[in-house]
Every structure is written in C-alpha cells, then in structure tokens.
Amino acid sequence: MSPSPRITLLTSLTAVTALAAPCLTAHAAGTDPWVRAWGENAQGQLGNGSVLAQQTPAAVTGITRDDVRELSGGGGGAGTTANPFAVALLKDGTVKSWGSNATGQLGNGTLTAQPFPATVGGLSGVSEVSAGLNHVLAVKGGRVLAWGSNASKQLGTGQDTTNPYKAPIPVQSLDKVKDVVAGCDFSVALRQDGTVWTWGKGDNGRLGTGNNTTRETPQKVPDLVDVESIAVGCDHVLALTADGVVKAWGKGAEGQLGNDSTTDSNKPVDVAYLDSVAKIFATSASGFAVLDDGSLAGWGKNTDKQLGDGTNANRTTPVVLDTIKGVQSISGGADFTVAALDDGSVIGWGANAAAQLGDGTTTSPAGTTVALPPGSGITQVATTMTGKSAYAY
C-alpha cells in the first residue's frame, strides 16, 4: 500500500517532528524518559511522525516509559501488504496505536495510516494487549476484545470475514481471561484457570486442537492444563506450565517447536531438554527460554544468526547461549532478535540491513551489538511480528 497523503505530507515535516521526537544515541540513553523505536518505518510504525527509517533509537512521540504497561508490534516488513504497526497499553488502561492501518488494526474507526500514537477511542480498563500480523487483541474485565482483519476468523466474533473491523468488538464466549497473544491470522487466550483457548487460521496446526481446521470462535486446547504463560510466533505457540515444562505446537519447519523435529504439530508437544524454565519468549519463527539460573536457551530459525549461537543453522532443540546473560525481555522479527538486559541495556543479533539492531549501522554483526547502553532505564523490548522494526520501553 502506498503511503497515504497524510503520511506524505508528514514526511516533509520531519524537521519539525524531530523537536518532539529527537534521535537518541546510546550516549543519551539514560537522560530521557521516552519509549524508543528504530529500523524500518515506511508506514510510520516507529511512531515518530515520519516515514523515514531510523538507524538508532528515536523517541516515540508523546509516550514515556513510565506510562506504558505493555507494547506490542504487529505486521511485517517491506512490501505493499506488510502492514507494520504497533499498539501500546498505558498504565491508565487506555490503548494507543500507530503505523499501517490497511486492515483497521489501529482500531480508530478508519483505514488511514498514522505515523504517531493516538488513543483508541472508547477503550478503557484494558489489562493486556497483543498485536498480530493484521489484528489486535485486548483484555478488559476478563473478556477479550478484537479488531482489524477477520479474513481468517482471527477476531473470534463469528461474524463476517470480508470486511476489516475498524473498532474493538467482543470475542465470543470467553471470560476470566488472564492474557492474550495474537499471531499470523490466529489468536490465543490464557484463562485464569490455566487453560488455553485458540481461534482463527488453523494451518500448520497452530490452534493446537488436533487438526488444521480454521475456527471462528474460541476452542479449548485439549489436554493442556496449569499453563502460567503463553507466547506466540507467526505460526507457532509456546506455553509454560506450572511445573516448568514448555509446550509447543504449530509450524515446525524451522525447528521452532524444539522437539528435535521439523514437522508441524497440531497438538502440544514438549520442547526437549529444558528444565527449570522461568520465562518463555517466541519470535517470528524461533523460541527462547530464560532458565532459573539466568541462562538463556534458544531454538528454531537461525538462517540469519537470530538465535545468537554463532552459527546460521536452524536448531530443532534448545541450545544454551553462554554469552547472553541477564535477559529480562526478548523479541524478534523476520531475521533479527533484540533483548533487554537486567543492567538496562538493549542488545541485538542477527540481520541488520534495515538497521533493525539499532546500533547506527546496517552491518550484520558477528555476535551481539548494543542499541542502548547500561542504565538506559529500559526493561522491555518488542518488534513488528515479521518485520524489521524494534521498540524499547
């Protein structure tokens, strides 16, 4: 999709916008309060009022880290159907959105792209939010709301699939929902009772219900209980149970299920060789686990060295990444990974041709590189789902 006239106009105002959203080098990292973003920006997904790519972390207009509870990136990389965008849940329970809006994923009642954050109207009391490839999920009072594309029934409304939903609408049936995650044309919800429910596109078994059938309303994932957290890639899901076991299902071609296979699975399987897992993260086609001792393990797609193990070989089982310690948060797009460490720094590894690692270059590093130094105040990172844009807050 070509940039809207509004975005084209704003491109010419970059110099003015820079006053509100200054470029932030690593040296300035600890001195300002803003959420930061870098990488591709053709649809305004960096939220700084322009559509210019950004090689170093720059401020997202008008959003401070202290105001943000959760930020989630959606959409993909370059191309007319990539639709990159982001949503931010603020601590006051409201949601802001920015970037591409071709499928109504900004939830603002229009299909017009927007290169700076604006509040999703009529939405308050939200406790969780997640952006998928072209839709968004939110939790309010234990119920799920959704907006954006419903072409694969990923909104879970049981309604028409031909038109985008440009404002939040209720997902059928579910209550007492603890968390939601949105993938590529499908949705996942974790209820307070530890059960997992899925709906939308069923290809590759990504719904975990024992078949590849697309579902227009939520279905419970069978034989899966006591789940404490969930994470989703483009077309695979990870679930961490109360006893520290990591389950996975969906696409397995790049090893992202971690079960020593490259075969899809339409029901949960154990990720192999993992014990005492504290946190799980899913990137576009990979998985990561932070262990109780603080070490990090990764598996799945690695063709651009996005696992950080020094090779470019896909990994079908987890490999411990000895050089990466103190991880608080991990996210990754099509070909790169970024992590927030416990010292406040943000590091990255993998491909960097679009400056998606935020180190001021477009050179892919041999190992890790630094986007923000220790003491930056950052505790979380996010990326567009399959794209080359990153966020830190």
# chains A, B, ... in the order shown; residues from 1 in each chain; ligands from 1
$ residues_around --residues "Asn163 (chain A)" --least-positions-apart "5" --cutoff "10 Å" --atoms "only C-alpha atoms" --output "list in words"
Thr103, Gly104, Gly148, Ser149, Asn150 and Ala151 of chain A
$ residues_around --residues "Asp235 (chain A)" --least-positions-apart "6" --cutoff "9 Å" --atoms "only C-alpha atoms" --output "list in words"
Gly183, Cys184, Asp185, Phe186, Asp203, Asn204, Gly205, Arg206, Trp249, Gly250, Lys251, Gly252, Ser284 and Ala285 of chain A
$ residues_around --residues "Ala138 (chain A)" --least-positions-apart "3" --cutoff "8 Å" --atoms "only C-alpha atoms" --output "VMD selection string"
chain A and resid 126 to 130 144 to 146 180
$ write_last_selection --atoms "C-alpha atoms" --output "CSV table (one decimal), in the first residue's frame"
chain,number,residue,atom,x,y,z
A,126,VAL,CA,-7.6,-2.7,29.4
A,127,SER,CA,-5.2,-5.1,31.2
A,128,GLU,CA,-3.5,-6.8,28.3
A,129,VAL,CA,-2.9,-6.1,24.6
A,130,SER,CA,-1.3,-8.0,21.7
A,144,VAL,CA,-11.4,-10.3,25.0
A,145,LEU,CA,-11.9,-7.5,22.5
A,146,ALA,CA,-10.5,-7.7,19.0
A,180,VAL,CA,-3.9,-12.9,25.0
$ closest_residue --among "A:Leu307, A:Ile347, A:Val319, A:Val381" --to "Ala272 (chain A)" --atoms "only C-alpha atoms"
A:Val319
